[in-house]
Amino acid sequence: MFKIRTQFPMSKTLIVALVAGGLVVSACGSEEGGTDAADISAKSSSSEIGTAYISELSQIADALESIETEADAERVAGAIQSATVKLNQMNKTLEGEMSAIKMMQLMRTNGQQFIQVQQRISSAMTNLAQTNPELLQIISREMDNLPEIN
């Protein structure tokens, strides 16, 4: 079974995403009426699962890109922690439900967005590492706690 990790470096996940051939860009984001991680059940489609996962990662990317001060980094660490709780719950809900076929469908329908959000997160973290390594340390612990989708 394929595993998608949210921890960085992301090379294995990016390879899986590229091999799966992310072809279709679908809408995401709970603020646009999309699926949130809390909305996921065992009956959710691969598209809904992917949209929820990408929505959480997009919120993390938005937060990371906004860091300018130590207070921002602390706020973002809290946002990452909140996303981790949601993603862990989603994983628990889906435990044993993600077949290889469903994972391939997830990557087919959401692969492009998944790659884009990973690049945003990676770029924001690289920028922090180069400009404010102290701020990166504040959020790194929470980034390390992000789960993989099973």
# chains A, B, ... in the order shown; residues from 1 in each chain; ligands from 1
>>> residues_around(residues="Val117 in chain A", least_positions_apart="2", cutoff="10 Å", atoms="only C-alpha atoms", output="list in words")
Ile54, Ser55, Glu56, Leu57, Ser58, Gln59, Ile60, Ala61, Asp62, Gln112, Gln113, Phe114, Ile115, Gln119, Arg120, Ile121, Ser122 and Ser123 of chain A
>>> residues_around(residues="Leu136 in chain A", least_positions_apart="3", cutoff="10 Å", atoms="only C-alpha atoms", output="list of chain:residue names")
A:Leu64, A:Ile67, A:Glu70, A:Ala73, A:Ala77, A:Ala124, A:Met125, A:Thr126, A:Asn127, A:Leu128, A:Ala129, A:Gln130, A:Thr131, A:Asn132, A:Pro133, A:Ile139, A:Ser140, A:Arg141, A:Met143
>>> residues_around(residues="range 84-91 of chain A", least_positions_apart="4", cutoff="7 Å", atoms="only C-alpha atoms", output="MDAnalysis selection string")
chainID A and resid 37:38 40 80 95 145:147 149:150
>>> atom_distance(atom1="CA of Leu94 in chain A", atom2="CA of Ala42 in chain A")
5.5 Å
>>> residues_around(residues="Gln105 in chain A", least_positions_apart="4", cutoff="10 Å", atoms="only C-alpha atoms", output="PyMOL selection string")
chain A and resi 20+22+45-47+50+99-101+109-111
>>> decode(residues="range 79-96 of chain A", atoms="N, CA and C atoms", output="compact mmCIF listing (two decimals), in the first residue's frame")
# COMPACT_ATOMS: atom_id res chain seq x y z
N ALA A 79 -1.53 26.14 14.90
CA ALA A 79 -2.33 25.75 13.73
C ALA A 79 -1.90 24.38 13.21
N ILE A 80 -0.61 24.12 13.21
CA ILE A 80 -0.09 22.83 12.76
C ILE A 80 -0.54 21.73 13.72
N GLN A 81 -0.50 22.04 15.00
CA GLN A 81 -0.95 21.07 16.00
C GLN A 81 -2.43 20.74 15.80
N SER A 82 -3.24 21.76 15.52
CA SER A 82 -4.67 21.56 15.26
C SER A 82 -4.88 20.69 14.02
N ALA A 83 -4.13 20.95 12.96
CA ALA A 83 -4.23 20.15 11.74
C ALA A 83 -3.81 18.71 12.00
N THR A 84 -2.80 18.53 12.84
CA THR A 84 -2.34 17.19 13.19
C THR A 84 -3.44 16.40 13.87
N VAL A 85 -4.15 17.04 14.79
CA VAL A 85 -5.25 16.38 15.48
C VAL A 85 -6.31 15.94 14.47
N LYS A 86 -6.68 16.84 13.55
CA LYS A 86 -7.69 16.51 12.54
C LYS A 86 -7.23 15.37 11.63
N LEU A 87 -5.97 15.45 11.19
CA LEU A 87 -5.46 14.42 10.28
C LEU A 87 -5.33 13.07 10.99
N ASN A 88 -4.93 13.09 12.27
CA ASN A 88 -4.87 11.84 13.03
C ASN A 88 -6.25 11.22 13.16
N GLN A 89 -7.26 12.05 13.40
CA GLN A 89 -8.63 11.54 13.50
C GLN A 89 -9.08 10.98 12.16
N MET A 90 -8.73 11.67 11.08
CA MET A 90 -9.09 11.19 9.75
C MET A 90 -8.42 9.83 9.50
N ASN A 91 -7.16 9.70 9.85
CA ASN A 91 -6.46 8.43 9.67
C ASN A 91 -7.11 7.32 10.49
N LYS A 92 -7.50 7.65 11.73
CA LYS A 92 -8.15 6.65 12.58
C LYS A 92 -9.47 6.21 11.96
N THR A 93 -10.22 7.17 11.43
CA THR A 93 -11.49 6.87 10.77
C THR A 93 -11.29 5.97 9.55
N LEU A 94 -10.21 6.21 8.82
CA LEU A 94 -9.96 5.47 7.58
C LEU A 94 -9.13 4.21 7.78
N GLU A 95 -8.74 3.93 9.00
CA GLU A 95 -7.87 2.78 9.27
C GLU A 95 -8.43 1.53 8.61
N GLY A 96 -7.63 0.92 7.76
CA GLY A 96 -8.03 -0.29 7.05
C GLY A 96 -8.93 -0.06 5.85
